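J.: First, the structure itself, so that you have it in front of you.
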Protein chains: 2
Amino acid sequence: EYVQALREWVAVESDSSDITKRSEVQRMMELVAEKLRVLGGKVEMVDIGMQKLPEGGTIALPKVVTAEFGSNARKATVCVYGHADVQPARKEDGWSTEPYNLTDIYGNLYGRGTSDNKAPVLAWIHAVEAYQALEIDLPVNVKFIIEGMEETGSNGLAAMIEAQRDTFFSNVDYIIISDCGWLSTRPALTYGTRGNCYFFAEVEGPKQDLHSGVHGGTVKEPMTDLIGILDTMISSNGSILIPGIRDAVAPFSDDEWKLYQKIDFDMDSYKAKIGVDQLMYENKVELLAHRWRYPTVSIHGIVGAFSAPGTKTVIPAKVTAKFSIRQVPDMDPAVVEKQVTDHLQSEFAKRKSPNKLKVTMIIGAKPWLADPKHPLYQAGKAAVQRVFNTEPDLIREGGTIPIARTFQDVMDKSIIMLPIGGFDDGLHSQNEKMSRYNYIEGTKLFIAYLHEVAQIKKD
Amino acid sequence: EYVQALREWVAVESDSSDITKRSEVQRMMELVAEKLRVLGGKVEMVDIGMQKLPEGGTIALPKVVTAEFGSNARKATVCVYGHADVQPARKEDGWSTEPYNLTDIYGNLYGRGTSDNKAPVLAWIHAVEAYQALEIDLPVNVKFIIEGMEETGSNGLAAMIEAQRDTFFSNVDYIIISDCGWLSTRPALTYGTRGNCYFFAEVEGPKQDLHSGVHGGTVKEPMTDLIGILDTMISSNGSILIPGIRDAVAPFSDDEWKLYQKIDFDMDSYKAKIGVDQLMYENKVELLAHRWRYPTVSIHGIVGAFSAPGTKTVIPAKVTAKFSIRQVPDMDPAVVEKQVTDHLQSEFAKRKSPNKLKVTMIIGAKPWLADPKHPLYQAGKAAVQRVFNTEPDLIREGGTIPIARTFQDVMDKSIIMLPIGGFDDGLHSQNEKMSRYNYIEGTKLFIAYLHEVAQIKKD
């Protein structure tokens with residue numbers, strides 16, 4: 001039954017980054033609302049306005065679904081955050097199965113959005129359903145906030161949270177987010193995420209593409225300029241060369257070192273999982289530190305250049321690099337935006353090119369960090385102990401869940417990230433999956449967590 | 001009537017670089033053959049074998065059309081070379097008109113393949129037709145060789161020419177190629193073309209794309225490596241930094257300087273035409289020299305990276321840069337292949353990356369250079385004088401017509417390039433066109449040239 005529910009959700013291509021799929025995202029949000037209504041929740045679909053498009057014009061943002069189960073003032077109130085949108089996926093990208101057709105292979109459920117984040121959202125809904133089915137009162141009031149723009153930076157959500165701070169969120173004690181994964185086969189509690197600043201760097205030259213034979217040698221080519229400035233951002237050993245970026249990074253403490261040292265993490269199986277012979281660092285602590293608490297630059301691609309099959313001989317007239325810099329405490333996206341823009345403009349100026357460079361920060365999401373000694377994490381340890389009979393790892397997440405920081409900044413609520421995704425689920429990759437084991441045991445974990453969190457003494 | 005014939009040919013999407021369009025290229029070759037048969041030529045469609053595909057497998061190459069008008073041993077025999085395939089074109093690339101629907105705007109005939117090379121091929125056929133219509137004997141025997149793979153490197157043609165050297169080509173005295181354009185509004189004769197070495201440089205890392213948040217910082221990213229090595233090929237002022245490449249370039253002679261100095265070329269209208277504020281060189285002679293007789297590197301694009309709309313946060317696992325180096329005398333593609341491969345591998349080795357680099361030369365076309373004092377060029381001058389009442393410019397071409405060099409190497413025949421395309425036809429670009437003026441007057445030029453070339457004393 002749980003698998004069938006997931007199959008129906010995965011079948012919806014709710015890719016929020018592609019505006020041509022916006023109606024699918026909207027339909028997905030309707031399905032989420034419907035599921036919550038069936039359980040008797042007080043459900044609303046909140047209009048969060050319009051999205052501005054880079055090329056001008058606007059498009060409606062997907063509605064945010066909120067729901068409420070119980071309003072007993074003597075109980076604590078938890079609010080579960082999740083999202084129902086997904087990253088892009090096409091069979092041609094190298095999927096072994098149809099990405100939007102849930103496929104069970106040896107107990108692994110393959111499909112875009114399974115682990116990120118449809119199965120965890122369903123598991124939370126099923127946890128509430130389980131209490132109802134067993135006719136046990138929910139030990140806490142449970143609220144839901146499920147959005148449809150997470151994969152593109154949670155556009156519009158922060159404003160909605162701010163607007164409802166004194167209404168929907170006024171009685172919320174704790175926020176629970178399950179939009180991440182374990183580090184190994186051992187369950188984990190997550191106490192930090194990196195933020196993300198996503199940039200477009202556009203170099204524009206001739207008014208149209210030129211034949212590289214006929215005109216090559218007469219113009220400074222935008223691609224050459226773009227590659228020249230991109231190459232100044234990162235050294236060959238991965239260090240960020242943009243002045244100032246590394247100064248803001250919080251020093252690595254002895255306590256952190258000890259915590260990292262204890263974590264269950266096998267370098268060899270990590271290598272095997274991502275399919276590399278050699279990692280950037282050979283030491284576990286150093287590797288995890290660079291994954292979780294140091295910034296990184298990734299260049300994702302170049303738009304406007306020739307990327308089709310064949311041997312076109314073109315000088316592309318306008319090319320745009322897409323890259324992002326993961327943010328860690330105490331970096332500030334507004335400062336990073338200036339550092340990156342200044343650096344690229346200054347490197348570009350050195351080239352004395354007649355082309356034009358435009359640098360734009362498209363996403364500026366802050367990092368988030370919690371105190372792993374908080375009672376929410378004690379409750380998490382107890383719930384993991386009950387369901388899995390083991391201690392969880394205390395981990396951080398290299399990826400970004402921008403909304404964690406928003407909840408913290410806007411409402412000053414305590415937050416826990418309680419993942420159920422497997423370490424090898426392949427989020428954002430080809431062949432994303434969620435195992436039946438993690439999906440079902442994860443549902444049990446959520447049921448147990450609702451029980452444990454009710455034991456926390458209210459301040 | 002001439003325009004209608006062109007419209008029918010342009011309507012065929014004979015894009016030879018896209019194997020899914022191969023049947024259209026084949027159909028185009030049938031149309032060419034049909035047109036020549038109608039005029040009573042002795043026409044053959046020559047099978048030139050199969051094309052190997054990069055991903056394995058083979059596909060039939062488009063047949064080569066040969067035709068023969070007249071076989072009088074006392075007359076000279078010219079062989080007109082042309083091609084009927086085109087570069088890719090899609091409306092979305094920025095065309096103002098449908099690229100495969102010939103559109104007449106103020107006397108300019110817009111459409112993919114108009115100038116490159118369908119109108120010139122038709123003009124040659126119409127020149128033969130004109131003699132027939134006027135019931136004048138052709139002053140020379142005229143042969144045609146029209147291929148369908150020029151835009152992707154004339155795959156299979158060199159072998160076919162070699163095979164027919166002692167049959168179809170045995171009595172050919174002169175080769176005429178009209179696959180280029182004038183430099184200004186003044187007619188031109190072309191005595192040299194650059195060659196082209198087209199490379200793929202592939203950097204392969206993780207076995208699949210990775211989430212840049214979850215895994216950024218743990219692996220050396222293939223994009224960073226690729227950009228790092230690409231940036232070592234060209235300085236910011238456009239100089240090629242690959243060791244050895246510039247050593248092979250023939251020195252610029254005083255005679256050349258004088259010839260270039262005389263050429264009718266307006267820097268400002270060239271700037272306006274390609275839409276730049278500043279060129280690489282401010283001096284006419286230097287600019288033309290870098291366009292025609294110095295090598296250049298153009299980076300066309302990167303395949304495998306993220307080039308779609310949106311903000312995907314991916315570490316691409318395998319990325320392939322496509323770039324090409326224009327060849328000039330006395331460069332040798334085989335030597336260039338080794339220089340480029342060695343340079344990139346050595347720069348890559350410095351990065352100490354666990355990723356794998358593979359450099360492949362996909363096309364290796366030699367440059368071609370003729371003696372502009374040859375009688376073929378005297379005949380060209382006379383024909384231009386007759387039709388346009390002016391002296392032609394003696395120019396070279398930055399682009400590549402690989403077959404010129406093949407004709408020279410295999411058959412040791414004298415070659416002339418006799419262009420009729422306008423200087424602003426936009427070959428390989430959006431909005432390619434051929435003006436009615438150049439198309440019709442060009443046909444007259446060909447008629448006159450057949451007369452003039454008959455005056456050359458046979459050796």
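Letters for chains follow the order of the structure tokens (A, B, ...), residue numbers begin at 1 for each chain, and ligand numbers begin at 1 in the order shown.
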List as an NGL selection string the protein and nucleic acid residues near Arg112 of chain B, meaning an atom at most 10 Å away when only C-alpha atoms are counted, but skip any in the same chain fewer than 4 places from it.

T.: :B and (10-15 or 85-90 or 95 or 98-102 or 116-118 or 426-434)

J.: I need the residues in segment 224-410 of chain B that are alpha helix (DSSP H) according to DSSP; give them as a VMD selection string.

T.: chain B and resid 224 to 230 254 to 262 267 to 274 284 to 292 333 to 350 375 to 388 402 to 406

J.: Quick one: residues within 12 Å of segment 411-414 of chain B, only C-alpha atoms counted, chain neighbours fewer than 3 positions away excluded, as a PDB file with N, CA, C and O atoms, in the first residue's frame?

T.:
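Written output follows (part24.pdb):
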ATOM      1  N   THR B  77      38.713  20.457 -70.009  1.00  0.00           N
ATOM      2  CA  THR B  77      37.643  19.931 -69.165  1.00  0.00           C
ATOM      3  C   THR B  77      37.755  20.539 -67.766  1.00  0.00           C
ATOM      4  O   THR B  77      38.808  20.439 -67.133  1.00  0.00           O
ATOM      5  N   VAL B  78      36.664  21.184 -67.343  1.00  0.00           N
ATOM      6  CA  VAL B  78      36.647  21.695 -65.972  1.00  0.00           C
ATOM      7  C   VAL B  78      35.743  20.793 -65.137  1.00  0.00           C
ATOM      8  O   VAL B  78      34.812  20.183 -65.660  1.00  0.00           O
ATOM      9  N   CYS B  79      36.062  20.720 -63.863  1.00  0.00           N
ATOM     10  CA  CYS B  79      35.207  19.954 -62.962  1.00  0.00           C
ATOM     11  C   CYS B  79      34.782  20.877 -61.826  1.00  0.00           C
ATOM     12  O   CYS B  79      35.623  21.438 -61.120  1.00  0.00           O
ATOM     13  N   ALA B 158      37.544  11.708 -50.182  1.00  0.00           N
ATOM     14  CA  ALA B 158      38.936  11.600 -50.633  1.00  0.00           C
ATOM     15  C   ALA B 158      39.192  10.226 -51.245  1.00  0.00           C
ATOM     16  O   ALA B 158      39.819  10.112 -52.310  1.00  0.00           O
ATOM     17  N   ILE B 161      37.666  10.054 -54.679  1.00  0.00           N
ATOM     18  CA  ILE B 161      38.454  10.800 -55.674  1.00  0.00           C
ATOM     19  C   ILE B 161      39.688   9.986 -56.080  1.00  0.00           C
ATOM     20  O   ILE B 161      40.022   9.870 -57.265  1.00  0.00           O
ATOM     21  N   GLU B 162      40.318   9.407 -55.079  1.00  0.00           N
ATOM     22  CA  GLU B 162      41.488   8.582 -55.342  1.00  0.00           C
ATOM     23  C   GLU B 162      41.116   7.412 -56.260  1.00  0.00           C
ATOM     24  O   GLU B 162      41.807   7.117 -57.234  1.00  0.00           O
ATOM     25  N   ALA B 163      39.957   6.790 -55.942  1.00  0.00           N
ATOM     26  CA  ALA B 163      39.524   5.622 -56.727  1.00  0.00           C
ATOM     27  C   ALA B 163      39.208   6.002 -58.173  1.00  0.00           C
ATOM     28  O   ALA B 163      39.399   5.210 -59.092  1.00  0.00           O
ATOM     29  N   GLN B 164      38.718   7.215 -58.392  1.00  0.00           N
ATOM     30  CA  GLN B 164      38.315   7.608 -59.746  1.00  0.00           C
ATOM     31  C   GLN B 164      39.353   8.505 -60.422  1.00  0.00           C
ATOM     32  O   GLN B 164      39.060   9.134 -61.442  1.00  0.00           O
ATOM     33  N   ARG B 165      40.523   8.565 -59.819  1.00  0.00           N
ATOM     34  CA  ARG B 165      41.555   9.448 -60.369  1.00  0.00           C
ATOM     35  C   ARG B 165      41.823   9.162 -61.839  1.00  0.00           C
ATOM     36  O   ARG B 165      41.937  10.070 -62.657  1.00  0.00           O
ATOM     37  N   ASP B 166      41.872   7.879 -62.174  1.00  0.00           N
ATOM     38  CA  ASP B 166      42.236   7.514 -63.535  1.00  0.00           C
ATOM     39  C   ASP B 166      41.028   7.247 -64.429  1.00  0.00           C
ATOM     40  O   ASP B 166      41.181   6.822 -65.568  1.00  0.00           O
ATOM     41  N   THR B 167      39.834   7.474 -63.907  1.00  0.00           N
ATOM     42  CA  THR B 167      38.633   7.307 -64.730  1.00  0.00           C
ATOM     43  C   THR B 167      37.938   8.658 -64.854  1.00  0.00           C
ATOM     44  O   THR B 167      38.270   9.452 -65.735  1.00  0.00           O
ATOM     45  N   PHE B 168      37.002   8.937 -63.946  1.00  0.00           N
ATOM     46  CA  PHE B 168      36.232  10.181 -64.046  1.00  0.00           C
ATOM     47  C   PHE B 168      37.131  11.419 -64.108  1.00  0.00           C
ATOM     48  O   PHE B 168      36.878  12.354 -64.861  1.00  0.00           O
ATOM     49  N   PHE B 169      38.192  11.435 -63.308  1.00  0.00           N
ATOM     50  CA  PHE B 169      39.016  12.636 -63.224  1.00  0.00           C
ATOM     51  C   PHE B 169      40.180  12.676 -64.219  1.00  0.00           C
ATOM     52  O   PHE B 169      40.889  13.680 -64.306  1.00  0.00           O
ATOM     53  N   SER B 170      40.368  11.560 -64.978  1.00  0.00           N
ATOM     54  CA  SER B 170      41.590  11.463 -65.783  1.00  0.00           C
ATOM     55  C   SER B 170      41.729  12.621 -66.777  1.00  0.00           C
ATOM     56  O   SER B 170      42.825  13.121 -67.013  1.00  0.00           O
ATOM     57  N   ASN B 171      40.636  13.060 -67.382  1.00  0.00           N
ATOM     58  CA  ASN B 171      40.745  14.132 -68.379  1.00  0.00           C
ATOM     59  C   ASN B 171      40.432  15.522 -67.826  1.00  0.00           C
ATOM     60  O   ASN B 171      40.304  16.476 -68.573  1.00  0.00           O
ATOM     61  N   VAL B 172      40.261  15.599 -66.499  1.00  0.00           N
ATOM     62  CA  VAL B 172      39.940  16.913 -65.909  1.00  0.00           C
ATOM     63  C   VAL B 172      41.202  17.782 -65.891  1.00  0.00           C
ATOM     64  O   VAL B 172      42.259  17.352 -65.441  1.00  0.00           O
ATOM     65  N   ASP B 173      41.077  18.999 -66.416  1.00  0.00           N
ATOM     66  CA  ASP B 173      42.221  19.925 -66.392  1.00  0.00           C
ATOM     67  C   ASP B 173      42.192  20.830 -65.166  1.00  0.00           C
ATOM     68  O   ASP B 173      43.209  21.089 -64.562  1.00  0.00           O
ATOM     69  N   TYR B 174      41.015  21.325 -64.870  1.00  0.00           N
ATOM     70  CA  TYR B 174      40.911  22.322 -63.805  1.00  0.00           C
ATOM     71  C   TYR B 174      39.748  21.997 -62.881  1.00  0.00           C
ATOM     72  O   TYR B 174      38.701  21.521 -63.325  1.00  0.00           O
ATOM     73  N   ILE B 175      39.969  22.312 -61.627  1.00  0.00           N
ATOM     74  CA  ILE B 175      38.897  22.158 -60.636  1.00  0.00           C
ATOM     75  C   ILE B 175      38.398  23.561 -60.261  1.00  0.00           C
ATOM     76  O   ILE B 175      39.206  24.457 -60.014  1.00  0.00           O
ATOM     77  N   ILE B 176      37.085  23.711 -60.225  1.00  0.00           N
ATOM     78  CA  ILE B 176      36.503  24.999 -59.825  1.00  0.00           C
ATOM     79  C   ILE B 176      35.627  24.768 -58.595  1.00  0.00           C
ATOM     80  O   ILE B 176      34.775  23.873 -58.587  1.00  0.00           O
ATOM     81  N   ILE B 177      35.862  25.569 -57.591  1.00  0.00           N
ATOM     82  CA  ILE B 177      35.104  25.454 -56.340  1.00  0.00           C
ATOM     83  C   ILE B 177      34.477  26.802 -56.047  1.00  0.00           C
ATOM     84  O   ILE B 177      35.145  27.833 -56.111  1.00  0.00           O
ATOM     85  N   TYR B 191      42.394  32.310 -53.264  1.00  0.00           N
ATOM     86  CA  TYR B 191      43.556  31.462 -53.602  1.00  0.00           C
ATOM     87  C   TYR B 191      44.087  30.664 -52.414  1.00  0.00           C
ATOM     88  O   TYR B 191      45.142  30.023 -52.514  1.00  0.00           O
ATOM     89  N   TRP B 368      44.903  24.867 -47.819  1.00  0.00           N
ATOM     90  CA  TRP B 368      45.148  24.834 -49.266  1.00  0.00           C
ATOM     91  C   TRP B 368      45.595  26.222 -49.718  1.00  0.00           C
ATOM     92  O   TRP B 368      45.122  27.236 -49.222  1.00  0.00           O
ATOM     93  N   LEU B 369      46.550  26.239 -50.646  1.00  0.00           N
ATOM     94  CA  LEU B 369      47.066  27.515 -51.139  1.00  0.00           C
ATOM     95  C   LEU B 369      47.385  27.373 -52.628  1.00  0.00           C
ATOM     96  O   LEU B 369      48.056  26.420 -53.034  1.00  0.00           O
ATOM     97  N   ALA B 370      46.905  28.316 -53.432  1.00  0.00           N
ATOM     98  CA  ALA B 370      47.192  28.306 -54.877  1.00  0.00           C
ATOM     99  C   ALA B 370      48.060  29.509 -55.223  1.00  0.00           C
ATOM    100  O   ALA B 370      48.244  30.405 -54.408  1.00  0.00           O
ATOM    101  N   ASP B 371      48.538  29.506 -56.466  1.00  0.00           N
ATOM    102  CA  ASP B 371      49.317  30.655 -56.945  1.00  0.00           C
ATOM    103  C   ASP B 371      48.364  31.595 -57.668  1.00  0.00           C
ATOM    104  O   ASP B 371      47.833  31.260 -58.737  1.00  0.00           O
ATOM    105  N   PRO B 372      48.134  32.785 -57.106  1.00  0.00           N
ATOM    106  CA  PRO B 372      47.153  33.695 -57.732  1.00  0.00           C
ATOM    107  C   PRO B 372      47.605  34.220 -59.095  1.00  0.00           C
ATOM    108  O   PRO B 372      46.847  34.927 -59.755  1.00  0.00           O
ATOM    109  N   LYS B 373      48.840  33.868 -59.530  1.00  0.00           N
ATOM    110  CA  LYS B 373      49.289  34.297 -60.872  1.00  0.00           C
ATOM    111  C   LYS B 373      48.965  33.256 -61.952  1.00  0.00           C
ATOM    112  O   LYS B 373      49.223  33.470 -63.135  1.00  0.00           O
ATOM    113  N   HIS B 374      48.409  32.108 -61.527  1.00  0.00           N
ATOM    114  CA  HIS B 374      48.082  31.025 -62.452  1.00  0.00           C
ATOM    115  C   HIS B 374      47.036  31.494 -63.485  1.00  0.00           C
ATOM    116  O   HIS B 374      46.182  32.327 -63.158  1.00  0.00           O
ATOM    117  N   PRO B 375      47.099  30.963 -64.732  1.00  0.00           N
ATOM    118  CA  PRO B 375      46.119  31.366 -65.761  1.00  0.00           C
ATOM    119  C   PRO B 375      44.660  31.217 -65.341  1.00  0.00           C
ATOM    120  O   PRO B 375      43.796  31.981 -65.801  1.00  0.00           O
ATOM    121  N   LEU B 376      44.361  30.256 -64.474  1.00  0.00           N
ATOM    122  CA  LEU B 376      42.973  30.111 -64.006  1.00  0.00           C
ATOM    123  C   LEU B 376      42.487  31.399 -63.357  1.00  0.00           C
ATOM    124  O   LEU B 376      41.313  31.761 -63.472  1.00  0.00           O
ATOM    125  N   TYR B 377      43.420  32.074 -62.668  1.00  0.00           N
ATOM    126  CA  TYR B 377      43.065  33.321 -61.990  1.00  0.00           C
ATOM    127  C   TYR B 377      42.990  34.482 -62.978  1.00  0.00           C
ATOM    128  O   TYR B 377      42.197  35.407 -62.819  1.00  0.00           O
ATOM    129  N   ILE B 403      38.378  19.620 -49.389  1.00  0.00           N
ATOM    130  CA  ILE B 403      38.500  18.907 -50.633  1.00  0.00           C
ATOM    131  C   ILE B 403      39.472  19.598 -51.589  1.00  0.00           C
ATOM    132  O   ILE B 403      40.072  18.943 -52.455  1.00  0.00           O
ATOM    133  N   ALA B 404      39.668  20.898 -51.427  1.00  0.00           N
ATOM    134  CA  ALA B 404      40.622  21.618 -52.284  1.00  0.00           C
ATOM    135  C   ALA B 404      41.995  20.975 -52.138  1.00  0.00           C
ATOM    136  O   ALA B 404      42.673  20.672 -53.132  1.00  0.00           O
ATOM    137  N   ARG B 405      42.365  20.745 -50.888  1.00  0.00           N
ATOM    138  CA  ARG B 405      43.670  20.154 -50.642  1.00  0.00           C
ATOM    139  C   ARG B 405      43.746  18.721 -51.177  1.00  0.00           C
ATOM    140  O   ARG B 405      44.780  18.287 -51.700  1.00  0.00           O
ATOM    141  N   THR B 406      42.624  18.019 -51.079  1.00  0.00           N
ATOM    142  CA  THR B 406      42.602  16.641 -51.590  1.00  0.00           C
ATOM    143  C   THR B 406      42.800  16.628 -53.104  1.00  0.00           C
ATOM    144  O   THR B 406      43.585  15.837 -53.629  1.00  0.00           O
ATOM    145  N   PHE B 407      42.065  17.500 -53.798  1.00  0.00           N
ATOM    146  CA  PHE B 407      42.233  17.578 -55.251  1.00  0.00           C
ATOM    147  C   PHE B 407      43.699  17.845 -55.606  1.00  0.00           C
ATOM    148  O   PHE B 407      44.266  17.245 -56.515  1.00  0.00           O
ATOM    149  N   GLN B 408      44.296  18.760 -54.832  1.00  0.00           N
ATOM    150  CA  GLN B 408      45.678  19.136 -55.092  1.00  0.00           C
ATOM    151  C   GLN B 408      46.622  17.949 -54.847  1.00  0.00           C
ATOM    152  O   GLN B 408      47.467  17.628 -55.672  1.00  0.00           O
ATOM    153  N   MET B 417      39.169  28.928 -56.758  1.00  0.00           N
ATOM    154  CA  MET B 417      37.934  29.160 -56.021  1.00  0.00           C
ATOM    155  C   MET B 417      37.335  30.441 -56.556  1.00  0.00           C
ATOM    156  O   MET B 417      37.964  31.491 -56.536  1.00  0.00           O
ATOM    157  N   ASP B 459      48.572  23.037 -71.451  1.00  0.00           N
ATOM    158  CA  ASP B 459      50.015  22.748 -71.325  1.00  0.00           C
ATOM    159  C   ASP B 459      50.412  21.634 -72.287  1.00  0.00           C
ATOM    160  O   ASP B 459      49.717  20.652 -72.416  1.00  0.00           O
TER     161      ASP B 459
END

J.: Residues at most 10 Å from Ile440 of chain A, counting only C-alpha atoms, excluding those fewer than 3 positions away in the same chain, as a ChimeraX atom specification?

T.: /A:2-3,119-120,123,126,420,435-437,443-445

J.: Can those selected residues be exported to a file as a tab-separated table (two decimals), in the first residue's frame so that it contains N, CA, C and O atoms?

T.:
chain	number	residue	atom	x	y	z
A	2	TYR	N	1.91	1.24	0.88
A	2	TYR	CA	2.83	2.38	0.94
A	2	TYR	C	3.58	2.53	-0.39
A	2	TYR	O	3.80	3.65	-0.87
A	3	VAL	N	3.98	1.42	-0.98
A	3	VAL	CA	4.71	1.46	-2.25
A	3	VAL	C	3.81	1.99	-3.36
A	3	VAL	O	4.23	2.80	-4.19
A	119	ALA	N	9.11	9.93	-0.70
A	119	ALA	CA	8.91	8.84	0.26
A	119	ALA	C	8.95	9.35	1.70
A	119	ALA	O	8.09	8.97	2.50
A	120	PRO	N	9.90	10.23	2.07
A	120	PRO	CA	9.87	10.75	3.44
A	120	PRO	C	8.57	11.50	3.77
A	120	PRO	O	8.04	11.36	4.88
A	123	ALA	N	6.02	8.94	4.33
A	123	ALA	CA	6.27	8.23	5.58
A	123	ALA	C	5.71	9.02	6.77
A	123	ALA	O	5.14	8.45	7.70
A	126	HIS	N	2.00	8.64	6.65
A	126	HIS	CA	1.65	7.29	7.10
A	126	HIS	C	1.83	7.13	8.62
A	126	HIS	O	1.13	6.34	9.26
A	420	ILE	N	15.61	9.60	6.72
A	420	ILE	CA	15.38	8.15	6.56
A	420	ILE	C	15.95	7.66	5.22
A	420	ILE	O	15.93	6.47	4.94
A	435	SER	N	15.11	2.55	-0.60
A	435	SER	CA	14.89	1.12	-0.38
A	435	SER	C	13.58	0.90	0.37
A	435	SER	O	13.15	1.77	1.15
A	436	ARG	N	12.97	-0.24	0.14
A	436	ARG	CA	11.77	-0.59	0.91
A	436	ARG	C	12.09	-0.55	2.41
A	436	ARG	O	11.30	-0.08	3.22
A	437	TYR	N	13.27	-1.05	2.76
A	437	TYR	CA	13.68	-1.11	4.17
A	437	TYR	C	13.66	0.29	4.79
A	437	TYR	O	13.04	0.52	5.83
A	443	THR	N	9.23	4.90	8.39
A	443	THR	CA	7.88	5.23	8.87
A	443	THR	C	7.76	4.88	10.36
A	443	THR	O	7.23	5.66	11.15
A	444	LYS	N	8.33	3.72	10.71
A	444	LYS	CA	8.31	3.33	12.14
A	444	LYS	C	9.08	4.34	12.98
A	444	LYS	O	8.68	4.69	14.10
A	445	LEU	N	10.22	4.79	12.44
A	445	LEU	CA	11.03	5.77	13.17
A	445	LEU	C	10.21	7.04	13.44
A	445	LEU	O	10.25	7.59	14.55

J.: Name all residues at most 12 Å from segment 282-289 of chain B (count only C-alpha atoms; drop same-chain ones fewer than 5 positions away) and give them as an NGL selection string.

T.: (:A and (214-219)) or (:B and (183 or 192-194 or 249-254 or 256-268 or 270-271 or 277 or 294-296 or 328 or 395-398))

J.: List every residue of segment 227-334 of chain B that DSSP, applied to the backbone, labels as strand (DSSP E or B), and write the result as a count of residues only.

T.: 21

J.: Near Tyr449 of chain B, within 8 Å and counting only C-alpha atoms, which residues show up once chain neighbours fewer than 3 positions away are dropped, as JSON, numbers by chain?

T.: {"B": [379, 380, 382, 383, 445, 446, 452, 453]}

J.: My list of candidates is B:Lys352, B:Gln51, B:His300, B:Ile315. Which is closest to Asn237 of chain A when distances are computed with only C-alpha atoms?

T.: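 Closest to Asn237 of chain A of all the choices is B:Lys352.
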
J.: Given the choices B:Ser184, B:Thr114, B:Gln339, B:Gln455, which gets closest to Val140 of chain B if the distance is worked out from only C-alpha atoms?

T.: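 For Val140 of chain B, the nearest of the candidates is B:Gln455.
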
J.: Might you pull out every residue within 9 Å of Lys207 of chain B, with only C-alpha atoms counted and same-chain residues fewer than 2 positions away left off, and present them as a list in words?

T.: Lys273, Ile274, Gly275 and Val276 of chain A; Glu204, Gly205, Asp209, Leu210, Ala317 and Lys318 of chain B

J.: Given only C-alpha atoms as the basis, pick out the residue of B:Ile48, B:Val335, B:Val142, B:Ile19 nearest to chain A.

T.: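 Once distances to chain A are computed over only C-alpha atoms, the minimum belongs to B:Ile19.
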
J.: In Å to one decimal, how far is atom CA of Pro367 of chain B from atom CA of Asp255 of chain B?

T.: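 Separation between atom CA of Asp255 of chain B and atom CA of Pro367 of chain B: 19.7 Å.
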
J.: Quick one: pull the distance between atom CA of Gly310 of chain A and atom CA of Pro54 of chain B, Å, one decimal.

T.: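 So the two atoms, atom CA of Gly310 of chain A and atom CA of Pro54 of chain B, lie 9.7 Å apart.
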